[in-house]
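Asks: Provided herewith is a single structure, encoded as structure tokens, for subsequent inquiry.
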Amino acid sequence: QVQLVESGGGLAQAGGSLRLSCAASGRTLSSSGMAWFRQAPGKEREFVAGITTSDNTYYVDSVKGRFTISRDNAKNMVYLQMNSLKPEDTAVYYCAAMRGEEYAYWGQGTQVTVSP
């Protein structure tokens, strides 16, 4: 069974930075596409950033140029560097791992709050 554990969330001021980490156990992440999603209060969960097994990355338009997803296969970790944070980035952020063509494994989430 795959377990994903996020960390690094917290409170930041607008314009600040946070780095989220996702630690995996039970599966080698190098064989999985990985992604970060987020869910703000009263809104649906949305895709934020993804990274393929070939380290190709892709982002939702609202975070392009500000967020960077990366992975360290040796440590079985995935990261999300978030810069130039905005209040609208406030959400619970989730790490997800693919199995086949779907995101089958999810972490418990970490809260990110950005103050104006």
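How things are named: the first chain in the structure tokens is A, the next is B, and so on; residues count from 1 in each chain; ligands count from 1 in the order shown.
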Got a sec to tell me which of chain A DSSP assigns to helix (DSSP H, G or I), as number ranges by chain?
Replies: A: 29-31, 61-63, 87-89
Asks: So which bits of chain A end up strand (DSSP E) when you DSSP the backbone, as a compact mmCIF listing (two decimals) with N, CA, C and O atoms, in the first residue's frame?
Replies:
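Output below, filename out-v8.txt:
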```
# COMPACT_ATOMS: atom_id res chain seq x y z
N GLN A 3 1.70 5.05 0.78
CA GLN A 3 1.35 6.13 1.70
C GLN A 3 2.10 7.39 1.30
O GLN A 3 3.31 7.35 1.05
N LEU A 4 1.38 8.50 1.25
CA LEU A 4 1.95 9.80 0.93
C LEU A 4 1.71 10.72 2.11
O LEU A 4 0.59 10.81 2.62
N VAL A 5 2.75 11.41 2.52
CA VAL A 5 2.64 12.31 3.66
C VAL A 5 3.19 13.67 3.27
O VAL A 5 4.37 13.80 2.93
N GLU A 6 2.33 14.68 3.29
CA GLU A 6 2.74 16.04 2.96
C GLU A 6 3.21 16.77 4.20
O GLU A 6 2.77 16.49 5.32
N SER A 7 4.09 17.73 3.98
CA SER A 7 4.54 18.62 5.04
C SER A 7 4.98 19.94 4.43
O SER A 7 5.10 20.05 3.20
N GLY A 10 1.73 26.01 5.98
CA GLY A 10 1.75 26.97 7.08
C GLY A 10 1.21 28.30 6.64
O GLY A 10 0.48 28.40 5.66
N LEU A 11 1.59 29.32 7.39
CA LEU A 11 1.13 30.68 7.12
C LEU A 11 2.23 31.48 6.45
O LEU A 11 3.38 31.44 6.89
N ALA A 12 1.88 32.19 5.39
CA ALA A 12 2.84 33.05 4.70
C ALA A 12 2.14 34.36 4.35
O ALA A 12 0.92 34.41 4.22
N GLN A 13 2.93 35.38 4.19
CA GLN A 13 2.39 36.65 3.73
C GLN A 13 2.38 36.69 2.20
O GLN A 13 3.17 35.99 1.56
N LEU A 18 6.78 29.30 0.28
CA LEU A 18 6.71 28.07 1.06
C LEU A 18 7.16 26.93 0.17
O LEU A 18 7.01 26.99 -1.06
N ARG A 19 7.68 25.90 0.81
CA ARG A 19 8.07 24.70 0.08
C ARG A 19 7.35 23.50 0.69
O ARG A 19 7.55 23.20 1.87
N LEU A 20 6.54 22.86 -0.11
CA LEU A 20 5.83 21.68 0.34
C LEU A 20 6.63 20.43 -0.03
O LEU A 20 7.27 20.39 -1.09
N SER A 21 6.58 19.44 0.84
CA SER A 21 7.25 18.17 0.60
C SER A 21 6.23 17.04 0.67
O SER A 21 5.26 17.11 1.43
N CYS A 22 6.49 16.00 -0.10
CA CYS A 22 5.64 14.81 -0.09
C CYS A 22 6.55 13.60 -0.01
O CYS A 22 7.36 13.36 -0.91
N ALA A 23 6.43 12.87 1.09
CA ALA A 23 7.23 11.68 1.31
C ALA A 23 6.39 10.44 1.01
O ALA A 23 5.25 10.34 1.48
N ALA A 24 6.97 9.53 0.26
CA ALA A 24 6.23 8.33 -0.12
C ALA A 24 6.84 7.09 0.50
O ALA A 24 8.06 7.01 0.67
N SER A 25 5.99 6.15 0.81
CA SER A 25 6.45 4.84 1.26
C SER A 25 5.58 3.79 0.61
O SER A 25 4.44 4.05 0.23
N MET A 34 3.47 12.14 -10.71
CA MET A 34 3.11 12.74 -9.43
C MET A 34 2.49 14.10 -9.67
O MET A 34 2.75 14.74 -10.70
N ALA A 35 1.71 14.55 -8.73
CA ALA A 35 1.08 15.86 -8.87
C ALA A 35 0.74 16.45 -7.51
O ALA A 35 0.68 15.74 -6.50
N TRP A 36 0.51 17.74 -7.54
CA TRP A 36 -0.04 18.46 -6.41
C TRP A 36 -1.41 19.00 -6.83
O TRP A 36 -1.55 19.55 -7.93
N PHE A 37 -2.36 18.84 -5.94
CA PHE A 37 -3.69 19.41 -6.09
C PHE A 37 -3.95 20.31 -4.90
O PHE A 37 -3.23 20.26 -3.90
N ARG A 38 -4.99 21.12 -5.00
CA ARG A 38 -5.38 21.94 -3.85
C ARG A 38 -6.88 22.10 -3.81
O ARG A 38 -7.57 21.99 -4.83
N GLN A 39 -7.38 22.36 -2.63
CA GLN A 39 -8.81 22.58 -2.44
C GLN A 39 -9.00 23.73 -1.47
O GLN A 39 -8.60 23.65 -0.30
N GLU A 46 -8.61 21.16 -7.23
CA GLU A 46 -8.09 21.47 -8.54
C GLU A 46 -6.64 21.03 -8.69
O GLU A 46 -5.87 21.04 -7.72
N PHE A 47 -6.28 20.69 -9.90
CA PHE A 47 -4.90 20.35 -10.23
C PHE A 47 -4.03 21.61 -10.16
O PHE A 47 -4.44 22.67 -10.62
N VAL A 48 -2.83 21.47 -9.60
CA VAL A 48 -1.90 22.59 -9.50
C VAL A 48 -0.67 22.36 -10.37
O VAL A 48 -0.31 23.21 -11.17
N ALA A 49 -0.02 21.22 -10.18
CA ALA A 49 1.23 20.95 -10.90
C ALA A 49 1.44 19.46 -10.97
O ALA A 49 1.06 18.73 -10.06
N GLY A 50 2.09 19.02 -12.06
CA GLY A 50 2.38 17.61 -12.22
C GLY A 50 3.77 17.40 -12.78
O GLY A 50 4.35 18.30 -13.41
N ILE A 51 4.32 16.20 -12.53
CA ILE A 51 5.62 15.85 -13.05
C ILE A 51 5.57 14.40 -13.50
O ILE A 51 5.07 13.53 -12.79
N THR A 57 7.25 18.67 -16.67
CA THR A 57 6.38 19.32 -15.69
C THR A 57 5.28 20.11 -16.39
O THR A 57 5.45 20.57 -17.52
N TYR A 58 4.18 20.28 -15.69
CA TYR A 58 3.07 21.05 -16.23
C TYR A 58 2.30 21.66 -15.07
O TYR A 58 2.30 21.12 -13.96
N TYR A 59 1.69 22.82 -15.35
CA TYR A 59 1.09 23.63 -14.30
C TYR A 59 -0.25 24.21 -14.73
O TYR A 59 -0.47 24.47 -15.92
N PHE A 67 5.23 28.69 -9.17
CA PHE A 67 5.40 27.40 -8.50
C PHE A 67 6.30 26.49 -9.33
O PHE A 67 6.27 26.54 -10.58
N THR A 68 7.04 25.64 -8.65
CA THR A 68 7.90 24.67 -9.32
C THR A 68 7.76 23.31 -8.64
O THR A 68 7.97 23.20 -7.43
N ILE A 69 7.41 22.31 -9.44
CA ILE A 69 7.33 20.93 -8.92
C ILE A 69 8.63 20.21 -9.26
O ILE A 69 9.20 20.42 -10.35
N SER A 70 9.10 19.40 -8.34
CA SER A 70 10.32 18.64 -8.58
C SER A 70 10.24 17.33 -7.81
O SER A 70 9.37 17.15 -6.96
N ARG A 71 11.15 16.44 -8.13
CA ARG A 71 11.17 15.15 -7.46
C ARG A 71 12.59 14.73 -7.19
O ARG A 71 13.51 15.10 -7.92
N ASP A 72 12.78 13.98 -6.12
CA ASP A 72 14.06 13.38 -5.78
C ASP A 72 13.80 11.88 -5.65
O ASP A 72 13.33 11.42 -4.60
N MET A 77 10.84 11.46 -2.78
CA MET A 77 10.20 12.70 -2.37
C MET A 77 9.75 13.49 -3.59
O MET A 77 10.38 13.44 -4.65
N VAL A 78 8.70 14.27 -3.41
CA VAL A 78 8.24 15.23 -4.40
C VAL A 78 8.06 16.56 -3.68
O VAL A 78 7.62 16.58 -2.52
N TYR A 79 8.38 17.64 -4.36
CA TYR A 79 8.34 18.96 -3.74
C TYR A 79 7.49 19.92 -4.57
O TYR A 79 7.32 19.75 -5.77
N LEU A 80 7.01 20.94 -3.90
CA LEU A 80 6.35 22.05 -4.59
C LEU A 80 6.89 23.33 -3.99
O LEU A 80 6.58 23.67 -2.85
N GLN A 81 7.74 24.02 -4.74
CA GLN A 81 8.25 25.31 -4.32
C GLN A 81 7.27 26.38 -4.77
O GLN A 81 6.95 26.49 -5.96
N MET A 82 6.77 27.14 -3.82
CA MET A 82 5.76 28.15 -4.10
C MET A 82 6.32 29.52 -3.77
O MET A 82 6.62 29.81 -2.61
N ALA A 91 -5.30 27.24 0.55
CA ALA A 91 -6.01 25.99 0.30
C ALA A 91 -5.33 24.87 1.08
O ALA A 91 -4.24 25.07 1.63
N VAL A 92 -5.97 23.73 1.08
CA VAL A 92 -5.30 22.50 1.51
C VAL A 92 -4.66 21.89 0.28
O VAL A 92 -5.32 21.71 -0.75
N TYR A 93 -3.37 21.62 0.38
CA TYR A 93 -2.61 21.07 -0.74
C TYR A 93 -2.40 19.57 -0.54
O TYR A 93 -1.99 19.13 0.54
N TYR A 94 -2.65 18.82 -1.62
CA TYR A 94 -2.56 17.37 -1.58
C TYR A 94 -1.53 16.87 -2.59
O TYR A 94 -1.48 17.35 -3.73
N CYS A 95 -0.79 15.89 -2.18
CA CYS A 95 0.13 15.18 -3.05
C CYS A 95 -0.61 13.95 -3.58
O CYS A 95 -1.37 13.32 -2.84
N ALA A 96 -0.37 13.61 -4.85
CA ALA A 96 -1.03 12.46 -5.45
C ALA A 96 -0.06 11.71 -6.35
O ALA A 96 0.79 12.32 -7.00
N ALA A 97 -0.23 10.39 -6.40
CA ALA A 97 0.60 9.54 -7.24
C ALA A 97 -0.29 8.74 -8.18
O ALA A 97 -1.37 8.30 -7.81
N MET A 98 0.21 8.58 -9.38
CA MET A 98 -0.57 7.86 -10.39
C MET A 98 -0.36 6.36 -10.27
O MET A 98 0.71 5.89 -9.89
N ARG A 99 -1.40 5.65 -10.65
CA ARG A 99 -1.32 4.22 -10.89
C ARG A 99 -2.05 4.01 -12.21
O ARG A 99 -3.26 4.23 -12.28
N GLU A 102 -4.63 7.00 -13.65
CA GLU A 102 -5.37 7.79 -12.68
C GLU A 102 -4.52 8.08 -11.45
O GLU A 102 -3.58 7.37 -11.15
N TYR A 103 -4.91 9.14 -10.76
CA TYR A 103 -4.27 9.46 -9.49
C TYR A 103 -4.96 8.59 -8.43
O TYR A 103 -6.07 8.89 -8.00
N ALA A 104 -4.26 7.53 -8.04
CA ALA A 104 -4.87 6.52 -7.18
C ALA A 104 -4.49 6.68 -5.71
O ALA A 104 -5.17 6.14 -4.84
N TYR A 105 -3.41 7.39 -5.46
CA TYR A 105 -2.91 7.52 -4.09
C TYR A 105 -2.85 8.98 -3.72
O TYR A 105 -2.36 9.81 -4.49
N TRP A 106 -3.32 9.26 -2.51
CA TRP A 106 -3.42 10.64 -2.05
C TRP A 106 -2.88 10.76 -0.62
O TRP A 106 -3.05 9.86 0.19
N THR A 110 -1.99 19.28 3.43
CA THR A 110 -1.33 20.24 4.31
C THR A 110 -1.90 21.62 4.02
O THR A 110 -2.08 21.99 2.85
N GLN A 111 -2.20 22.36 5.07
CA GLN A 111 -2.86 23.66 4.92
C GLN A 111 -1.84 24.74 4.56
O GLN A 111 -0.79 24.86 5.21
N VAL A 112 -2.17 25.52 3.56
CA VAL A 112 -1.40 26.71 3.20
C VAL A 112 -2.33 27.91 3.32
O VAL A 112 -3.40 27.93 2.71
N THR A 113 -1.91 28.88 4.11
CA THR A 113 -2.70 30.09 4.30
C THR A 113 -1.83 31.29 3.96
O THR A 113 -0.73 31.43 4.51
N VAL A 114 -2.30 32.12 3.04
CA VAL A 114 -1.56 33.30 2.62
C VAL A 114 -2.34 34.54 3.03
O VAL A 114 -3.48 34.74 2.61
N SER A 115 -1.72 35.36 3.85
CA SER A 115 -2.37 36.58 4.32
C SER A 115 -2.06 37.74 3.38
O SER A 115 -0.98 37.78 2.78
```
Asks: What is the atom CA of A:Val2 to atom CA of A:Ser30 distance in Å?
Replies: 13.2 Å
Asks: Expressed in Å to a single decimal, how great is the separation between atom CA of A:Arg66 and atom CA of A:Glu101?
Replies: 27.0 Å
Asks: To one decimal place, how far is atom CA of A:Glu44 from atom CA of A:Ser17 in Å?
Replies: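 Separation between atom CA of A:Glu44 and atom CA of A:Ser17: 23.8 Å.
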Asks: Given the choices A:Ala14, A:Leu85, A:Ala74, A:Ala40, which gets closest to A:Ser62 if the distance is worked out from only C-alpha atoms?
Replies: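 Smallest separation from A:Ser62 among the options: A:Leu85.
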